[in-house]
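With compact mmCIF, N, CA and C atoms inside, this is entry.txt:
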# COMPACT_ATOMS: atom_id res chain seq x y z
N MET A 1 -22.94 -6.02 -6.98
CA MET A 1 -21.57 -6.35 -6.62
C MET A 1 -21.43 -6.36 -5.09
N ASP A 2 -20.58 -7.21 -4.58
CA ASP A 2 -20.27 -7.32 -3.16
C ASP A 2 -19.67 -6.01 -2.66
N ALA A 3 -20.03 -5.59 -1.44
CA ALA A 3 -19.54 -4.32 -0.88
C ALA A 3 -18.02 -4.31 -0.79
N ARG A 4 -17.42 -5.42 -0.36
CA ARG A 4 -15.96 -5.45 -0.25
C ARG A 4 -15.31 -5.34 -1.62
N LEU A 5 -15.94 -5.93 -2.63
CA LEU A 5 -15.43 -5.82 -3.99
C LEU A 5 -15.53 -4.37 -4.47
N ASP A 6 -16.64 -3.73 -4.19
CA ASP A 6 -16.81 -2.30 -4.53
C ASP A 6 -15.71 -1.45 -3.89
N ILE A 7 -15.46 -1.70 -2.61
CA ILE A 7 -14.45 -0.92 -1.88
C ILE A 7 -13.07 -1.13 -2.49
N ALA A 8 -12.70 -2.38 -2.78
CA ALA A 8 -11.39 -2.66 -3.38
C ALA A 8 -11.26 -2.01 -4.75
N CYS A 9 -12.33 -2.09 -5.55
CA CYS A 9 -12.29 -1.49 -6.89
C CYS A 9 -12.09 0.02 -6.80
N GLU A 10 -12.78 0.64 -5.86
CA GLU A 10 -12.64 2.09 -5.70
C GLU A 10 -11.26 2.44 -5.15
N ARG A 11 -10.81 1.71 -4.13
CA ARG A 11 -9.52 1.98 -3.48
C ARG A 11 -8.36 1.91 -4.46
N TRP A 12 -8.37 0.89 -5.32
CA TRP A 12 -7.21 0.66 -6.19
C TRP A 12 -7.46 0.95 -7.66
N GLY A 13 -8.59 1.56 -7.99
CA GLY A 13 -8.87 1.91 -9.38
C GLY A 13 -9.04 0.69 -10.27
N LEU A 14 -9.79 -0.28 -9.81
CA LEU A 14 -9.98 -1.53 -10.54
C LEU A 14 -11.28 -1.50 -11.33
N SER A 15 -11.29 -2.23 -12.43
CA SER A 15 -12.51 -2.35 -13.23
C SER A 15 -12.63 -3.78 -13.75
N ASP A 16 -13.79 -4.09 -14.31
CA ASP A 16 -14.08 -5.36 -14.96
C ASP A 16 -13.79 -6.58 -14.07
N PRO A 17 -14.29 -6.62 -12.83
CA PRO A 17 -14.02 -7.79 -11.99
C PRO A 17 -14.78 -9.02 -12.48
N ARG A 18 -14.06 -10.13 -12.57
CA ARG A 18 -14.66 -11.42 -12.95
C ARG A 18 -14.21 -12.46 -11.94
N LEU A 19 -15.15 -13.11 -11.29
CA LEU A 19 -14.83 -14.14 -10.30
C LEU A 19 -14.15 -15.31 -11.00
N ILE A 20 -12.96 -15.66 -10.51
CA ILE A 20 -12.17 -16.75 -11.08
C ILE A 20 -12.23 -17.99 -10.20
N ALA A 21 -12.19 -17.79 -8.88
CA ALA A 21 -12.19 -18.92 -7.94
C ALA A 21 -12.77 -18.48 -6.61
N GLU A 22 -13.37 -19.43 -5.92
CA GLU A 22 -13.88 -19.18 -4.57
C GLU A 22 -13.49 -20.37 -3.71
N THR A 23 -12.80 -20.08 -2.61
CA THR A 23 -12.33 -21.12 -1.69
C THR A 23 -12.73 -20.72 -0.28
N PRO A 24 -12.51 -21.60 0.69
CA PRO A 24 -12.80 -21.21 2.08
C PRO A 24 -11.95 -20.02 2.55
N ARG A 25 -10.84 -19.74 1.87
CA ARG A 25 -9.94 -18.66 2.28
C ARG A 25 -10.15 -17.35 1.53
N ALA A 26 -10.71 -17.42 0.31
CA ALA A 26 -10.80 -16.18 -0.48
C ALA A 26 -11.68 -16.34 -1.71
N GLN A 27 -12.10 -15.18 -2.22
CA GLN A 27 -12.65 -15.10 -3.56
C GLN A 27 -11.58 -14.41 -4.40
N VAL A 28 -11.29 -14.97 -5.55
CA VAL A 28 -10.26 -14.43 -6.43
C VAL A 28 -10.93 -13.90 -7.69
N TYR A 29 -10.62 -12.66 -8.02
CA TYR A 29 -11.17 -12.00 -9.20
C TYR A 29 -10.05 -11.63 -10.16
N ARG A 30 -10.34 -11.74 -11.43
CA ARG A 30 -9.46 -11.11 -12.42
C ARG A 30 -10.02 -9.71 -12.61
N VAL A 31 -9.16 -8.71 -12.48
CA VAL A 31 -9.56 -7.31 -12.59
C VAL A 31 -8.61 -6.60 -13.55
N THR A 32 -8.95 -5.37 -13.86
CA THR A 32 -8.08 -4.53 -14.68
C THR A 32 -7.69 -3.31 -13.85
N GLN A 33 -6.40 -2.98 -13.87
CA GLN A 33 -5.89 -1.78 -13.21
C GLN A 33 -4.95 -1.09 -14.18
N GLU A 34 -5.24 0.13 -14.51
CA GLU A 34 -4.42 0.90 -15.45
C GLU A 34 -4.15 0.10 -16.74
N SER A 35 -5.20 -0.45 -17.30
CA SER A 35 -5.16 -1.22 -18.56
C SER A 35 -4.39 -2.53 -18.45
N GLN A 36 -4.01 -2.95 -17.26
CA GLN A 36 -3.28 -4.19 -17.07
C GLN A 36 -4.11 -5.17 -16.24
N PRO A 37 -4.07 -6.47 -16.58
CA PRO A 37 -4.79 -7.43 -15.76
C PRO A 37 -4.11 -7.60 -14.40
N ALA A 38 -4.91 -7.90 -13.40
CA ALA A 38 -4.40 -8.14 -12.05
C ALA A 38 -5.32 -9.16 -11.38
N ALA A 39 -4.84 -9.74 -10.28
CA ALA A 39 -5.64 -10.66 -9.49
C ALA A 39 -5.98 -9.98 -8.17
N LEU A 40 -7.25 -9.94 -7.85
CA LEU A 40 -7.73 -9.40 -6.58
C LEU A 40 -8.18 -10.57 -5.72
N LYS A 41 -7.59 -10.68 -4.56
CA LYS A 41 -7.92 -11.76 -3.63
C LYS A 41 -8.60 -11.14 -2.42
N LEU A 42 -9.90 -11.38 -2.26
CA LEU A 42 -10.65 -10.91 -1.11
C LEU A 42 -10.70 -12.04 -0.09
N LEU A 43 -10.04 -11.83 1.02
CA LEU A 43 -9.89 -12.88 2.02
C LEU A 43 -11.13 -13.02 2.90
N THR A 44 -11.45 -14.27 3.21
CA THR A 44 -12.50 -14.55 4.19
C THR A 44 -11.91 -14.42 5.58
N ARG A 45 -12.70 -14.62 6.60
CA ARG A 45 -12.18 -14.58 7.97
C ARG A 45 -11.08 -15.63 8.15
N VAL A 46 -11.29 -16.81 7.62
CA VAL A 46 -10.27 -17.86 7.68
C VAL A 46 -9.03 -17.43 6.92
N GLY A 47 -9.20 -16.84 5.76
CA GLY A 47 -8.08 -16.38 4.95
C GLY A 47 -7.27 -15.29 5.60
N VAL A 48 -7.95 -14.36 6.28
CA VAL A 48 -7.24 -13.28 6.97
C VAL A 48 -6.28 -13.88 7.99
N ASP A 49 -6.75 -14.87 8.73
CA ASP A 49 -5.90 -15.51 9.75
C ASP A 49 -4.78 -16.33 9.13
N SER A 50 -5.11 -17.15 8.14
CA SER A 50 -4.12 -18.08 7.59
C SER A 50 -3.14 -17.44 6.62
N GLU A 51 -3.49 -16.29 6.04
CA GLU A 51 -2.63 -15.68 5.04
C GLU A 51 -2.07 -14.34 5.48
N ALA A 52 -2.04 -14.12 6.78
CA ALA A 52 -1.56 -12.84 7.31
C ALA A 52 -0.14 -12.52 6.87
N MET A 53 0.71 -13.51 6.77
CA MET A 53 2.11 -13.29 6.41
C MET A 53 2.38 -13.39 4.91
N ALA A 54 1.37 -13.72 4.13
CA ALA A 54 1.56 -13.92 2.69
C ALA A 54 2.19 -12.72 1.99
N PRO A 55 1.71 -11.49 2.20
CA PRO A 55 2.34 -10.37 1.49
C PRO A 55 3.83 -10.22 1.80
N ALA A 56 4.20 -10.41 3.06
CA ALA A 56 5.62 -10.28 3.42
C ALA A 56 6.45 -11.37 2.74
N TRP A 57 5.95 -12.61 2.72
CA TRP A 57 6.69 -13.69 2.06
C TRP A 57 6.77 -13.46 0.56
N LEU A 58 5.68 -13.04 -0.05
CA LEU A 58 5.71 -12.79 -1.50
C LEU A 58 6.69 -11.69 -1.84
N ARG A 59 6.74 -10.66 -1.05
CA ARG A 59 7.71 -9.57 -1.30
C ARG A 59 9.14 -10.08 -1.10
N HIS A 60 9.35 -10.90 -0.09
CA HIS A 60 10.68 -11.46 0.17
C HIS A 60 11.14 -12.32 -1.02
N TRP A 61 10.23 -13.08 -1.60
CA TRP A 61 10.57 -14.00 -2.70
C TRP A 61 10.37 -13.38 -4.08
N ARG A 62 10.15 -12.07 -4.18
CA ARG A 62 9.75 -11.47 -5.45
C ARG A 62 10.74 -11.72 -6.59
N ASP A 63 11.99 -11.87 -6.32
CA ASP A 63 12.96 -12.12 -7.40
C ASP A 63 13.26 -13.60 -7.58
N HIS A 64 12.48 -14.45 -6.95
CA HIS A 64 12.71 -15.89 -7.02
C HIS A 64 11.48 -16.64 -7.54
N GLY A 65 10.62 -15.96 -8.26
CA GLY A 65 9.50 -16.63 -8.89
C GLY A 65 8.15 -16.40 -8.25
N ALA A 66 8.07 -15.65 -7.16
CA ALA A 66 6.77 -15.40 -6.54
C ALA A 66 6.03 -14.30 -7.29
N VAL A 67 4.72 -14.39 -7.26
CA VAL A 67 3.88 -13.37 -7.86
C VAL A 67 4.15 -12.03 -7.17
N ARG A 68 4.09 -10.95 -7.91
CA ARG A 68 4.36 -9.63 -7.35
C ARG A 68 3.11 -9.05 -6.68
N VAL A 69 3.32 -8.46 -5.54
CA VAL A 69 2.25 -7.82 -4.77
C VAL A 69 2.13 -6.37 -5.25
N ARG A 70 0.95 -5.98 -5.69
CA ARG A 70 0.72 -4.60 -6.10
C ARG A 70 0.23 -3.75 -4.94
N ALA A 71 -0.65 -4.31 -4.11
CA ALA A 71 -1.21 -3.56 -2.98
C ALA A 71 -1.82 -4.54 -1.99
N THR A 72 -1.94 -4.08 -0.74
CA THR A 72 -2.55 -4.91 0.29
C THR A 72 -3.50 -4.08 1.15
N ALA A 73 -4.44 -4.77 1.74
CA ALA A 73 -5.34 -4.24 2.76
C ALA A 73 -5.51 -5.37 3.77
N PRO A 74 -6.06 -5.10 4.94
CA PRO A 74 -6.18 -6.17 5.93
C PRO A 74 -6.93 -7.41 5.44
N ASP A 75 -7.87 -7.24 4.51
CA ASP A 75 -8.64 -8.39 4.04
C ASP A 75 -8.56 -8.57 2.52
N ALA A 76 -7.53 -8.00 1.89
CA ALA A 76 -7.44 -8.09 0.43
C ALA A 76 -5.99 -7.99 -0.04
N LEU A 77 -5.73 -8.66 -1.15
CA LEU A 77 -4.42 -8.58 -1.81
C LEU A 77 -4.67 -8.27 -3.28
N LEU A 78 -3.89 -7.37 -3.84
CA LEU A 78 -3.91 -7.11 -5.27
C LEU A 78 -2.57 -7.59 -5.80
N LEU A 79 -2.62 -8.56 -6.70
CA LEU A 79 -1.41 -9.23 -7.20
C LEU A 79 -1.31 -9.09 -8.70
N GLU A 80 -0.09 -9.24 -9.21
CA GLU A 80 0.06 -9.26 -10.66
C GLU A 80 -0.72 -10.46 -11.20
N TRP A 81 -1.18 -10.34 -12.44
CA TRP A 81 -1.88 -11.44 -13.10
C TRP A 81 -0.87 -12.32 -13.80
N LEU A 82 -0.93 -13.61 -13.54
CA LEU A 82 -0.06 -14.56 -14.22
C LEU A 82 -0.87 -15.24 -15.32
N PRO A 83 -0.46 -15.12 -16.57
CA PRO A 83 -1.25 -15.69 -17.66
C PRO A 83 -1.16 -17.22 -17.67
N GLY A 84 -2.12 -17.81 -18.33
CA GLY A 84 -2.12 -19.26 -18.49
C GLY A 84 -3.05 -19.94 -17.50
N PRO A 85 -3.23 -21.23 -17.67
CA PRO A 85 -4.14 -21.96 -16.78
C PRO A 85 -3.53 -22.12 -15.38
N SER A 86 -4.40 -22.23 -14.39
CA SER A 86 -3.93 -22.49 -13.03
C SER A 86 -3.44 -23.94 -12.93
N LEU A 87 -2.69 -24.23 -11.90
CA LEU A 87 -2.26 -25.62 -11.69
C LEU A 87 -3.46 -26.52 -11.48
N GLY A 88 -4.47 -26.02 -10.79
CA GLY A 88 -5.69 -26.80 -10.59
C GLY A 88 -6.38 -27.10 -11.91
N ASP A 89 -6.46 -26.11 -12.79
CA ASP A 89 -7.06 -26.33 -14.12
C ASP A 89 -6.27 -27.38 -14.89
N ARG A 90 -4.96 -27.31 -14.82
CA ARG A 90 -4.13 -28.30 -15.53
C ARG A 90 -4.36 -29.70 -14.99
N ALA A 91 -4.41 -29.82 -13.65
CA ALA A 91 -4.63 -31.14 -13.05
C ALA A 91 -6.01 -31.68 -13.40
N ARG A 92 -7.04 -30.83 -13.33
CA ARG A 92 -8.40 -31.28 -13.67
C ARG A 92 -8.52 -31.66 -15.14
N ALA A 93 -7.67 -31.10 -15.99
CA ALA A 93 -7.68 -31.43 -17.42
C ALA A 93 -6.87 -32.70 -17.71
N GLY A 94 -6.34 -33.34 -16.66
CA GLY A 94 -5.62 -34.59 -16.84
C GLY A 94 -4.11 -34.45 -16.89
N ASP A 95 -3.59 -33.26 -16.66
CA ASP A 95 -2.14 -33.04 -16.70
C ASP A 95 -1.57 -32.95 -15.28
N ASP A 96 -1.84 -33.98 -14.46
CA ASP A 96 -1.33 -34.01 -13.09
C ASP A 96 0.18 -33.90 -13.06
N SER A 97 0.84 -34.63 -13.93
CA SER A 97 2.30 -34.65 -13.96
C SER A 97 2.86 -33.26 -14.30
N GLY A 98 2.28 -32.61 -15.31
CA GLY A 98 2.74 -31.27 -15.69
C GLY A 98 2.51 -30.26 -14.58
N ALA A 99 1.36 -30.36 -13.91
CA ALA A 99 1.07 -29.44 -12.80
C ALA A 99 2.05 -29.67 -11.66
N ALA A 100 2.33 -30.93 -11.34
CA ALA A 100 3.26 -31.25 -10.25
C ALA A 100 4.67 -30.77 -10.58
N LYS A 101 5.10 -30.95 -11.83
CA LYS A 101 6.43 -30.48 -12.24
C LYS A 101 6.52 -28.96 -12.13
N ARG A 102 5.48 -28.28 -12.55
CA ARG A 102 5.47 -26.81 -12.48
C ARG A 102 5.54 -26.34 -11.03
N LEU A 103 4.78 -27.00 -10.16
CA LEU A 103 4.80 -26.66 -8.74
C LEU A 103 6.18 -26.93 -8.15
N GLY A 104 6.80 -28.03 -8.54
CA GLY A 104 8.14 -28.36 -8.06
C GLY A 104 9.17 -27.33 -8.50
N ARG A 105 9.09 -26.90 -9.75
CA ARG A 105 10.03 -25.87 -10.24
C ARG A 105 9.85 -24.57 -9.47
N CYS A 106 8.61 -24.21 -9.20
CA CYS A 106 8.35 -23.00 -8.43
C CYS A 106 8.94 -23.12 -7.03
N ALA A 107 8.74 -24.25 -6.38
CA ALA A 107 9.30 -24.46 -5.03
C ALA A 107 10.82 -24.38 -5.06
N MET A 108 11.45 -24.93 -6.09
CA MET A 108 12.91 -24.87 -6.19
C MET A 108 13.39 -23.42 -6.30
N HIS A 109 12.70 -22.62 -7.10
CA HIS A 109 13.07 -21.21 -7.24
C HIS A 109 12.93 -20.46 -5.92
N LEU A 110 11.82 -20.72 -5.21
CA LEU A 110 11.61 -20.04 -3.94
C LEU A 110 12.67 -20.44 -2.92
N HIS A 111 13.02 -21.72 -2.88
CA HIS A 111 14.00 -22.18 -1.91
C HIS A 111 15.43 -21.81 -2.29
N ALA A 112 15.61 -21.32 -3.51
CA ALA A 112 16.93 -20.81 -3.91
C ALA A 112 17.24 -19.49 -3.21
N CYS A 113 16.23 -18.87 -2.66
CA CYS A 113 16.41 -17.62 -1.92
C CYS A 113 17.03 -17.98 -0.57
N ARG A 114 18.29 -17.69 -0.42
CA ARG A 114 19.03 -18.11 0.77
C ARG A 114 18.97 -17.10 1.91
N THR A 115 18.48 -15.92 1.65
CA THR A 115 18.44 -14.93 2.73
C THR A 115 17.24 -15.20 3.62
N GLU A 116 17.44 -15.03 4.89
CA GLU A 116 16.37 -15.20 5.87
C GLU A 116 15.78 -13.83 6.17
N PRO A 117 14.49 -13.71 6.04
CA PRO A 117 13.88 -12.42 6.37
C PRO A 117 13.91 -12.16 7.87
N ASP A 118 14.23 -10.94 8.25
CA ASP A 118 14.31 -10.58 9.67
C ASP A 118 12.93 -10.46 10.32
N THR A 119 11.96 -10.02 9.55
CA THR A 119 10.68 -9.68 10.14
C THR A 119 9.58 -10.70 9.90
N ILE A 120 9.87 -11.77 9.21
CA ILE A 120 8.84 -12.75 8.90
C ILE A 120 9.07 -14.00 9.73
N ARG A 121 8.04 -14.45 10.37
CA ARG A 121 8.11 -15.68 11.14
C ARG A 121 7.22 -16.71 10.46
N ALA A 122 7.80 -17.82 10.12
CA ALA A 122 7.06 -18.88 9.44
C ALA A 122 6.24 -19.68 10.45
N THR A 123 5.07 -20.09 10.02
CA THR A 123 4.26 -20.99 10.82
C THR A 123 4.79 -22.40 10.59
N PRO A 124 5.01 -23.17 11.64
CA PRO A 124 5.51 -24.54 11.44
C PRO A 124 4.60 -25.33 10.51
N LEU A 125 5.19 -26.08 9.61
CA LEU A 125 4.45 -26.85 8.64
C LEU A 125 3.46 -27.80 9.31
N ALA A 126 3.85 -28.37 10.43
CA ALA A 126 2.99 -29.30 11.14
C ALA A 126 1.64 -28.67 11.49
N SER A 127 1.62 -27.38 11.78
CA SER A 127 0.34 -26.75 12.13
C SER A 127 -0.62 -26.73 10.95
N HIS A 128 -0.08 -26.75 9.74
CA HIS A 128 -0.92 -26.80 8.55
C HIS A 128 -1.35 -28.23 8.22
N LEU A 129 -0.48 -29.17 8.50
CA LEU A 129 -0.71 -30.56 8.11
C LEU A 129 -1.44 -31.40 9.15
N ASN A 130 -1.41 -31.00 10.42
CA ASN A 130 -2.02 -31.80 11.46
C ASN A 130 -3.49 -32.10 11.19
N ALA A 131 -4.22 -31.13 10.70
CA ALA A 131 -5.64 -31.35 10.40
C ALA A 131 -5.81 -32.41 9.31
N LEU A 132 -4.92 -32.44 8.35
CA LEU A 132 -4.99 -33.46 7.30
C LEU A 132 -4.64 -34.84 7.82
N LEU A 133 -3.69 -34.87 8.75
CA LEU A 133 -3.22 -36.16 9.27
C LEU A 133 -4.16 -36.75 10.31
N ASP A 134 -4.98 -35.91 10.95
CA ASP A 134 -5.91 -36.40 11.98
C ASP A 134 -7.03 -37.18 11.42

Translate this file's structure into structure tokens.
Amino acid sequence: MDARLDIACERWGLSDPRLIAETPRAQVYRVTQESQPAALKLLTRVGVDSEAMAPAWLRHWRDHGAVRVRATAPDALLLEWLPGPSLGDRARAGDDSGAAKRLGRCAMHLHACRTEPDTIRATPLASHLNALLD
């Protein structure tokens, strides 16, 4: 097992880690904590930089459809497990329309949160999209 995975499992009392996804930003594991499934996200160096504000935003949106944060570390997030296939799995299975509708509904719920967080500063969208547009 990876040393960072060992550390996270020990820190948060996790067992039965199964790699679910690996991206340039993180490795995502399905784990068990206190007999409940959870998602463990081990961030890469790129992920640490790009997702630094993720826990604060997820906590801010917790009552508007965002996944619940169970615990955080500088390079890891422990999140509630959401059952069912991922949007990527749905799209790869040919349900692009269903995945897009689900994503749209989630965005609508998040944007229904009208309060502005005092301590969270959003990164301008252009900084995320410029690399795609270049």

Minimum-distance residue to Met108 of chain A, chosen among A:His64, A:Thr32, A:Asp96, A:Pro85 (using only N, CA and C atoms):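 Closest to Met108 of chain A, using only N, CA and C atoms: A:His64.
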
Nearby residues (all atoms listed in the file) at most 5 Å from segment 33-49 of chain A, same-chain spacing under 4 positions excluded, as a list in words: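 The contact residues come out as Gly13, Leu14, Arg25, Ala26, Gln27, Val28, Tyr29, Asp75, Ala76, Leu77, Leu78, Leu79, Glu80 and Trp81 of chain A.
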
Quick one: pull the distance between atom C of Leu110 of chain A and atom CA of Asn130 of chain A, Å, one decimal. 23.5 Å

Axis-aligned box for segment 71-77 of chain A, 3 Å per side, centre and edges in Å as lines of an AutoDock Vina configuration file:
center_x = -4.6
center_y = -6.1
center_z = 0.9
size_x = 14.0
size_y = 11.1
size_z = 16.0

So which bits of segment 6-117 of chain A end up strand (DSSP E or B) when you DSSP the backbone, as a PyMOL selection string? chain A and resi 14-22+26-33+36-43+69-73+76-80

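For the atom pair formed by atom CA of Arg62 of chain A and atom N of Ser97 of chain A, the distance is 26.2 Å, given to one decimal.
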